[in-house]
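Participant: File name run.tsv; file contents TSV, C-alpha atoms; full text below.
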chain	number	residue	atom	x	y	z
A	1	MET	CA	31.45	-21.85	53.54
A	2	TYR	CA	31.82	-22.17	49.81
A	3	LYS	CA	34.45	-24.18	48.04
A	4	PHE	CA	35.76	-22.70	44.81
A	5	LEU	CA	38.21	-24.06	42.28
A	6	ALA	CA	40.59	-21.90	40.26
A	7	VAL	CA	41.65	-23.85	37.21
A	8	CYS	CA	44.34	-23.49	34.57
A	9	GLY	CA	45.98	-26.00	32.24
A	10	PHE	CA	48.73	-26.98	34.65
A	11	GLY	CA	47.67	-25.85	38.11
A	12	VAL	CA	50.91	-24.06	38.91
A	13	GLY	CA	50.89	-20.55	37.50
A	14	SER	CA	47.77	-18.78	36.29
A	15	SER	CA	45.43	-20.72	38.56
A	16	MET	CA	47.47	-19.60	41.56
A	17	VAL	CA	47.04	-16.00	40.48
A	18	LEU	CA	43.33	-16.54	39.89
A	19	LYS	CA	43.04	-18.07	43.36
A	20	MET	CA	44.50	-14.90	44.85
A	21	SER	CA	42.10	-12.72	42.85
A	22	ILE	CA	39.12	-14.79	44.00
A	23	GLU	CA	40.26	-14.62	47.63
A	24	LYS	CA	40.62	-10.83	47.39
A	25	ALA	CA	37.24	-10.37	45.72
A	26	ALA	CA	35.61	-12.71	48.24
A	27	LYS	CA	37.14	-10.85	51.14
A	28	ASP	CA	35.81	-7.55	49.77
A	29	ARG	CA	32.36	-9.10	49.73
A	30	GLY	CA	32.64	-10.75	53.11
A	31	ILE	CA	32.23	-14.21	51.60
A	32	ASP	CA	33.57	-17.13	53.58
A	33	CYS	CA	35.25	-19.46	51.11
A	34	GLU	CA	38.06	-21.86	50.50
A	35	VAL	CA	39.78	-21.59	47.14
A	36	GLU	CA	41.89	-24.34	45.70
A	37	ASN	CA	43.94	-24.04	42.51
A	38	THR	CA	44.30	-27.01	40.28
A	39	ASP	CA	44.88	-28.24	36.74
A	40	LEU	CA	42.21	-29.14	34.23
A	41	SER	CA	42.27	-32.92	34.61
A	42	SER	CA	42.12	-32.84	38.43
A	43	ALA	CA	39.30	-30.32	38.26
A	44	LYS	CA	37.21	-32.78	36.28
A	45	GLY	CA	37.00	-35.14	39.23
A	46	SER	CA	36.60	-32.62	42.05
A	47	SER	CA	33.50	-31.26	43.63
A	48	ALA	CA	33.08	-27.57	44.29
A	49	ASP	CA	30.39	-24.92	44.65
A	50	ALA	CA	31.77	-23.09	41.64
A	51	ILE	CA	34.66	-23.32	39.23
A	52	PHE	CA	36.49	-20.33	37.79
A	53	THR	CA	38.61	-20.77	34.67
A	54	SER	CA	39.24	-19.50	31.16
A	55	GLN	CA	36.64	-19.59	28.43
A	56	GLU	CA	38.46	-22.38	26.57
A	57	LEU	CA	39.03	-24.61	29.59
A	58	GLY	CA	35.55	-23.85	30.84
A	59	ASP	CA	34.01	-25.25	27.66
A	60	ASP	CA	36.04	-28.39	28.20
A	61	LEU	CA	34.99	-28.66	31.87
A	62	LYS	CA	31.29	-28.03	31.50
A	63	GLY	CA	30.59	-31.54	30.27
A	64	SER	CA	32.43	-33.21	33.13
A	65	THR	CA	31.39	-31.37	36.26
A	66	LYS	CA	28.13	-30.57	38.01
A	67	ALA	CA	29.52	-27.36	39.47
A	68	PRO	CA	28.67	-24.11	37.69
A	69	VAL	CA	31.60	-22.87	35.60
A	70	TYR	CA	32.40	-19.14	35.43
A	71	PRO	CA	34.71	-18.09	32.59
A	72	ILE	CA	37.27	-15.43	33.47
A	73	GLN	CA	39.19	-13.61	30.77
A	74	ARG	CA	41.72	-11.74	32.91
A	75	TYR	CA	42.77	-13.80	35.89
A	76	MET	CA	44.15	-10.79	37.64
A	77	ASP	CA	41.21	-8.49	37.06
A	78	LYS	CA	39.62	-8.19	40.50
A	79	GLU	CA	36.55	-6.50	39.05
A	80	GLU	CA	35.89	-9.20	36.49
A	81	VAL	CA	36.42	-11.91	39.11
A	82	GLY	CA	34.16	-9.97	41.47
A	83	LYS	CA	31.40	-9.85	38.86
A	84	ALA	CA	31.60	-13.62	38.43
A	85	LEU	CA	31.39	-14.04	42.21
A	86	ASP	CA	28.33	-11.78	42.30
A	87	GLU	CA	26.70	-13.89	39.61
A	88	PHE	CA	27.38	-16.99	41.67
A	89	LEU	CA	25.95	-15.38	44.83
A	90	GLU	CA	22.85	-14.38	42.88
A	91	THR	CA	22.14	-18.08	42.27
A	92	LYS	CA	22.35	-18.78	46.01
A	93	LYS	CA	19.63	-16.34	47.01
B	94	MET	CA	62.08	-14.14	46.69
B	95	LEU	CA	61.77	-12.50	43.31
B	96	THR	CA	65.35	-11.23	43.31
B	97	GLU	CA	66.49	-14.82	43.53
B	98	TYR	CA	65.15	-15.35	40.00
B	99	LEU	CA	65.03	-11.95	38.34
B	100	SER	CA	68.40	-10.33	37.81
B	101	GLU	CA	70.33	-8.60	35.05
B	102	GLU	CA	70.97	-12.03	33.60
B	103	THR	CA	67.31	-12.98	33.29
B	104	MET	CA	65.71	-9.63	32.39
B	105	HIS	CA	65.82	-8.22	28.89
B	106	HIS	CA	64.30	-5.41	26.92
B	107	VAL	CA	63.87	-5.17	23.15
B	108	ASP	CA	61.97	-2.78	20.95
B	109	SER	CA	59.64	-5.32	19.39
B	110	VAL	CA	59.18	-8.95	18.37
B	111	GLU	CA	57.59	-10.45	15.25
B	112	SER	CA	55.11	-12.66	17.09
B	113	TRP	CA	54.12	-13.78	20.59
B	114	GLN	CA	55.87	-17.08	19.87
B	115	GLU	CA	59.09	-15.20	19.28
B	116	GLY	CA	58.42	-13.26	22.48
B	117	ILE	CA	58.19	-16.46	24.52
B	118	ARG	CA	61.30	-17.90	22.85
B	119	LEU	CA	63.31	-14.74	23.40
B	120	ALA	CA	62.16	-14.38	27.00
B	121	SER	CA	63.12	-18.01	27.67
B	122	ARG	CA	66.63	-17.75	26.26
B	123	PRO	CA	68.46	-16.90	29.53
B	124	LEU	CA	66.82	-19.90	31.23
B	125	LEU	CA	67.83	-22.18	28.35
B	126	GLU	CA	71.39	-20.89	28.49
B	127	LYS	CA	71.59	-21.49	32.23
B	128	GLY	CA	70.16	-24.99	31.84
B	129	VAL	CA	67.15	-24.12	34.01
B	130	ILE	CA	64.77	-25.32	31.29
B	131	GLU	CA	64.99	-27.47	28.17
B	132	GLU	CA	63.88	-26.57	24.66
B	133	SER	CA	60.86	-28.88	25.12
B	134	TYR	CA	59.53	-26.59	27.87
B	135	VAL	CA	59.59	-23.59	25.54
B	136	GLU	CA	57.59	-25.50	22.95
B	137	ALA	CA	55.17	-26.71	25.65
B	138	MET	CA	54.46	-23.11	26.68
B	139	ILE	CA	53.64	-22.20	23.09
B	140	THR	CA	51.50	-25.30	22.58
B	141	SER	CA	49.57	-24.49	25.73
B	142	VAL	CA	48.45	-21.13	24.37
B	143	ASN	CA	47.32	-22.81	21.16
B	144	GLU	CA	45.44	-25.55	23.02
B	145	ASN	CA	44.21	-23.89	26.20
B	146	GLY	CA	43.68	-20.33	25.08
B	147	PRO	CA	45.35	-17.05	25.98
B	148	TYR	CA	44.67	-17.12	29.74
B	149	ILE	CA	48.38	-16.54	30.41
B	150	VAL	CA	47.58	-12.88	29.70
B	151	LEU	CA	46.73	-12.18	33.33
B	152	LYS	CA	46.15	-8.49	32.94
B	153	ASP	CA	46.31	-6.15	29.94
B	154	TYR	CA	49.80	-6.24	28.42
B	155	PHE	CA	51.13	-8.81	30.91
B	156	ALA	CA	51.64	-12.48	30.04
B	157	LEU	CA	52.88	-15.32	32.26
B	158	PRO	CA	53.91	-18.09	29.88
B	159	HIS	CA	54.32	-21.43	31.66
B	160	ALA	CA	53.65	-25.14	31.18
B	161	LYS	CA	53.63	-28.27	33.25
B	162	ALA	CA	55.81	-28.30	36.38
B	163	GLY	CA	58.90	-30.49	36.16
B	164	GLU	CA	58.58	-31.41	32.48
B	165	GLY	CA	61.58	-29.93	30.73
B	166	VAL	CA	62.31	-27.95	33.89
B	167	ASN	CA	65.47	-28.62	35.92
B	168	GLU	CA	65.00	-25.99	38.61
B	169	VAL	CA	62.67	-23.13	39.49
B	170	GLY	CA	63.23	-20.15	37.26
B	171	MET	CA	61.78	-16.92	35.96
B	172	ALA	CA	62.81	-14.66	33.11
B	173	LEU	CA	61.43	-11.34	31.99
B	174	LEU	CA	61.21	-9.74	28.56
B	175	THR	CA	59.80	-6.25	28.08
B	176	LEU	CA	58.87	-4.63	24.76
B	177	ASN	CA	58.31	-1.08	23.56
B	178	GLU	CA	55.83	-2.21	20.94
B	179	PRO	CA	53.02	-4.52	22.10
B	180	VAL	CA	52.72	-7.82	20.24
B	181	ASP	CA	49.40	-9.59	19.63
B	182	LEU	CA	48.72	-12.80	21.57
B	183	ALA	CA	45.44	-14.24	20.31
B	184	GLY	CA	43.70	-10.89	20.38
B	185	ASN	CA	45.50	-9.57	23.47
B	186	PRO	CA	48.26	-6.96	23.26
B	187	VAL	CA	51.32	-7.97	25.31
B	188	LYS	CA	54.28	-5.82	26.35
B	189	VAL	CA	55.71	-7.96	29.13
B	190	PHE	CA	56.46	-11.69	29.13
B	191	LEU	CA	57.34	-13.30	32.44
B	192	VAL	CA	58.33	-16.89	31.78
B	193	LEU	CA	57.69	-19.15	34.76
B	194	ALA	CA	59.33	-22.54	35.18
B	195	ALA	CA	58.12	-24.60	38.10
B	196	VAL	CA	59.40	-27.91	39.42
B	197	ASP	CA	56.40	-28.73	41.60
B	198	SER	CA	53.29	-26.97	42.83
B	199	SER	CA	54.90	-25.05	45.68
B	200	ALA	CA	58.57	-24.03	45.32
B	201	HIS	CA	57.81	-21.02	43.11
B	202	LEU	CA	54.75	-19.76	44.95
B	203	GLU	CA	56.40	-17.13	47.09
B	204	ALA	CA	57.95	-15.44	44.05
B	205	LEU	CA	54.69	-15.77	42.12
B	206	SER	CA	52.65	-14.16	44.85
B	207	GLU	CA	55.21	-11.34	45.08
B	208	ILE	CA	54.83	-10.63	41.38
B	209	SER	CA	51.04	-10.77	41.69
B	210	GLU	CA	51.10	-8.19	44.46
B	211	LEU	CA	53.18	-5.92	42.21
B	212	LEU	CA	50.75	-6.35	39.31
B	213	ILE	CA	47.70	-5.65	41.44
B	214	ASP	CA	49.21	-2.36	42.60
B	215	ASP	CA	48.55	0.28	39.89
B	216	GLU	CA	51.78	2.15	40.42
B	217	SER	CA	54.10	-0.85	40.26
B	218	TYR	CA	52.07	-2.29	37.36
B	219	GLU	CA	52.82	0.92	35.42
B	220	THR	CA	56.50	0.58	36.24
B	221	ILE	CA	56.54	-2.99	34.94
B	222	LEU	CA	54.73	-1.97	31.74
B	223	SER	CA	57.17	0.89	31.19
B	224	GLY	CA	59.69	-1.82	30.40
B	225	ASP	CA	62.53	0.07	32.06
B	226	LEU	CA	64.69	-2.67	33.53
B	227	ASN	CA	66.44	-0.38	36.03
B	228	ASP	CA	63.11	0.74	37.44
B	229	ILE	CA	61.81	-2.81	37.49
B	230	ASN	CA	64.93	-3.99	39.24
B	231	LYS	CA	64.52	-1.25	41.84
B	232	LEU	CA	60.90	-2.25	42.32
B	233	ILE	CA	61.60	-5.91	42.99
B	234	THR	CA	64.61	-5.16	45.16
B	235	GLU	CA	62.55	-2.82	47.32
B	236	GLY	CA	59.91	-5.49	47.62
B	237	ASP	CA	62.46	-7.82	49.13
B	238	ASP	CA	63.50	-5.41	51.88
Using structure tokens, write down the structure that the file contains.
Facilitator:
Amino acid sequence: MYKFLAVCGFGVGSSMVLKMSIEKAAKDRGIDCEVENTDLSSAKGSSADAIFTSQELGDDLKGSTKAPVYPIQRYMDKEEVGKALDEFLETKK
Amino acid sequence: MLTEYLSEETMHHVDSVESWQEGIRLASRPLLEKGVIEESYVEAMITSVNENGPYIVLKDYFALPHAKAGEGVNEVGMALLTLNEPVDLAGNPVKVFLVLAAVDSSAHLEALSEISELLIDDESYETILSGDLNDINKLITEGDD
């Protein structure tokens, strides 16, 4: 099972929506995962298989996490989120 | 429940706004008047876009301005502003602002997931973008049945 993080600046609004998009896209793909939503500073200390966030926050995170960071432009765009998930799965083959 | 937060009092429609900052301020006004949020929260939402980028635009034309839970927020609240003319938010056209005020990481989640379900559904997304407050009201009331 994979552990994913959905990150926004505050961990209460957009990241929650992103979490739902990731869960939907993962379900469509039959991926077993646990998605947690969190704010930027907590994300810096957490471990995960992959982190999904905005371009801006992703640039900030890249230096402080070992997990691969996937930038998402539209948190509610299931297709865009799905593409990022596919990219992640590609690295696991 | 969405209807707990979105009512005639908290939903407004105008033709256009000068800037996305004005959009956030105008959308927030009912919450300020009711004492749900403080002025500092409005400024924090604007600062967040400047610092963290435009990720509050969750889908084309739909923005969810929000900032840190509990800071300048007295209780959970939401307010909606719809526009006829889209306004630019850092390269993204926006027609709908849904201001979210949270007190912690959980109390607002039910309402937030309800609104997400509506936005994911193409038909209800169109209704929200239409900006027609009567139709939007009908939509969220039906969702609560």
Participant: Counting all atoms listed in the file, what is within 12 Å of Glu101 (chain B), bar same-chain residues fewer than 4 positions away, as a ChimeraX atom specification?
Facilitator: /B:96-97,105-106,123,171-174,226-227,229-231
Participant: Show me, as a compact mmCIF listing (two decimals) with C-alpha atoms, in the coordinates of the input, the residues that have an atom within 9 Å of Ile130 (chain B) when counting only C-alpha atoms, minus same-chain residues fewer than 4 positions from it.
Facilitator:
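Okay, around35.txt is ready:
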# COMPACT_ATOMS: atom_id res chain seq x y z
CA SER B 121 63.12 -18.01 27.67
CA LEU B 124 66.82 -19.90 31.23
CA LEU B 125 67.83 -22.18 28.35
CA GLU B 126 71.39 -20.89 28.49
CA TYR B 134 59.53 -26.59 27.87
CA VAL B 135 59.59 -23.59 25.54
CA GLU B 164 58.58 -31.41 32.48
CA GLY B 165 61.58 -29.93 30.73
CA VAL B 166 62.31 -27.95 33.89
CA ASN B 167 65.47 -28.62 35.92
CA GLU B 168 65.00 -25.99 38.61
CA VAL B 169 62.67 -23.13 39.49
CA GLY B 170 63.23 -20.15 37.26
CA ALA B 194 59.33 -22.54 35.18
Participant: Residues of chain B within 9 Å of chain A, counting all atoms listed in the file, what are they? List them as an NGL selection string.
Facilitator: :B and (141 or 144-153 or 157-162 or 193-195 or 197-199 or 201-202 or 205-206 or 209 or 212-213)
Participant: Between CA of Ala26 (chain A) and CA of Pro71 (chain A), what is the distance, to one decimal in Å?
Facilitator: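 Between CA of Ala26 (chain A) and CA of Pro71 (chain A) the gap is 16.6 Å.
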Participant: Tell me which of A:Glu80, A:Glu36, A:Glu90, A:Asp28 sits closest to Ala48 (chain A), counting only C-alpha atoms.
Facilitator: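 Looking only at the distances to Ala48 (chain A), the closest residue turns out to be A:Glu36.
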Participant: Calculated over only C-alpha atoms, which of the candidates B:Leu191, B:Val110, B:Ile117, B:Leu232 has the smallest distance to Leu211 (chain B)?
Facilitator: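 Closest to Leu211 (chain B) of all the choices is B:Leu232.
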Participant: Between CA of Leu182 (chain B) and CA of Gly128 (chain B), measure the distance and give it in Å to one decimal.
Facilitator: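 Atom-to-atom, CA of Leu182 (chain B) to CA of Gly128 (chain B), that is 26.7 Å.
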Participant: So, with all atoms listed in the file as the atoms that count, which of A:Lys19, A:Thr91, A:Glu79, A:Lys44 lies closest to Lys62 (chain A)?
Facilitator: A:Lys44
Participant: Would you please work out which residue, of B:Asp225, B:Asp214, B:Glu136, B:Glu102, is nearest to Val189 (chain B) when using all atoms listed in the file?
Facilitator: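 Distance minimum relative to Val189 (chain B) lands on B:Asp225.
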Participant: What lies within 10 Å of Val187 (chain B) using all atoms listed in the file, ignoring chain neighbours under 2 positions off, as an NGL selection string?
Facilitator: :B and (113 or 116 or 150 or 152-156 or 175-185 or 189-190 or 222)
Participant: Rounded to one decimal place, report the CA of Phe52 (chain A)-CA of Thr65 (chain A) distance in Å.
Facilitator: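 Between CA of Phe52 (chain A) and CA of Thr65 (chain A) the gap is 12.3 Å.
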Participant: Find the residues around Lys3 (chain A) up to 10 Å (only C-alpha atoms counted), leave out those fewer than 3 positions away in its own chain, and share them as a list in words.
Facilitator: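 My reading of the contact set: Asp32, Cys33, Glu34, Val35, Glu36, Ser47, Ala48, Asp49, Ala50 and Ile51 of chain A.
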Participant: Is there a way to complete region 30-43 of chain A with N, CA and C atoms and then write that out as a PDB file, in the coordinates of the input?
Facilitator:
ATOM      1  N   GLY A  30      32.928 -10.067  51.861  1.00  0.00           N
ATOM      2  CA  GLY A  30      32.640 -10.750  53.110  1.00  0.00           C
ATOM      3  C   GLY A  30      32.159 -12.187  52.923  1.00  0.00           C
ATOM      4  N   ILE A  31      32.631 -12.825  51.854  1.00  0.00           N
ATOM      5  CA  ILE A  31      32.230 -14.210  51.600  1.00  0.00           C
ATOM      6  C   ILE A  31      33.238 -15.153  52.258  1.00  0.00           C
ATOM      7  N   ASP A  32      32.715 -16.129  52.961  1.00  0.00           N
ATOM      8  CA  ASP A  32      33.570 -17.130  53.580  1.00  0.00           C
ATOM      9  C   ASP A  32      33.793 -18.250  52.567  1.00  0.00           C
ATOM     10  N   CYS A  33      35.028 -18.424  52.110  1.00  0.00           N
ATOM     11  CA  CYS A  33      35.250 -19.460  51.110  1.00  0.00           C
ATOM     12  C   CYS A  33      36.648 -20.045  51.200  1.00  0.00           C
ATOM     13  N   GLU A  34      36.760 -21.204  50.601  1.00  0.00           N
ATOM     14  CA  GLU A  34      38.060 -21.860  50.500  1.00  0.00           C
ATOM     15  C   GLU A  34      38.329 -22.004  49.005  1.00  0.00           C
ATOM     16  N   VAL A  35      39.474 -21.522  48.571  1.00  0.00           N
ATOM     17  CA  VAL A  35      39.780 -21.590  47.140  1.00  0.00           C
ATOM     18  C   VAL A  35      40.971 -22.504  46.923  1.00  0.00           C
ATOM     19  N   GLU A  36      40.812 -23.412  46.007  1.00  0.00           N
ATOM     20  CA  GLU A  36      41.890 -24.340  45.700  1.00  0.00           C
ATOM     21  C   GLU A  36      42.271 -24.136  44.240  1.00  0.00           C
ATOM     22  N   ASN A  37      43.573 -24.132  43.929  1.00  0.00           N
ATOM     23  CA  ASN A  37      43.940 -24.040  42.510  1.00  0.00           C
ATOM     24  C   ASN A  37      44.390 -25.407  42.010  1.00  0.00           C
ATOM     25  N   THR A  38      44.027 -25.682  40.792  1.00  0.00           N
ATOM     26  CA  THR A  38      44.300 -27.010  40.280  1.00  0.00           C
ATOM     27  C   THR A  38      44.383 -27.013  38.754  1.00  0.00           C
ATOM     28  N   ASP A  39      44.804 -28.139  38.191  1.00  0.00           N
ATOM     29  CA  ASP A  39      44.880 -28.240  36.740  1.00  0.00           C
ATOM     30  C   ASP A  39      43.582 -28.823  36.182  1.00  0.00           C
ATOM     31  N   LEU A  40      43.467 -28.773  34.878  1.00  0.00           N
ATOM     32  CA  LEU A  40      42.210 -29.140  34.230  1.00  0.00           C
ATOM     33  C   LEU A  40      41.779 -30.572  34.539  1.00  0.00           C
ATOM     34  N   SER A  41      42.711 -31.535  34.443  1.00  0.00           N
ATOM     35  CA  SER A  41      42.270 -32.920  34.610  1.00  0.00           C
ATOM     36  C   SER A  41      41.849 -33.216  36.040  1.00  0.00           C
ATOM     37  N   SER A  42      42.541 -32.636  37.040  1.00  0.00           N
ATOM     38  CA  SER A  42      42.120 -32.840  38.430  1.00  0.00           C
ATOM     39  C   SER A  42      40.778 -32.182  38.693  1.00  0.00           C
ATOM     40  N   ALA A  43      40.554 -31.050  38.047  1.00  0.00           N
ATOM     41  CA  ALA A  43      39.300 -30.320  38.260  1.00  0.00           C
ATOM     42  C   ALA A  43      38.105 -31.160  37.827  1.00  0.00           C
TER      43      ALA A  43
END
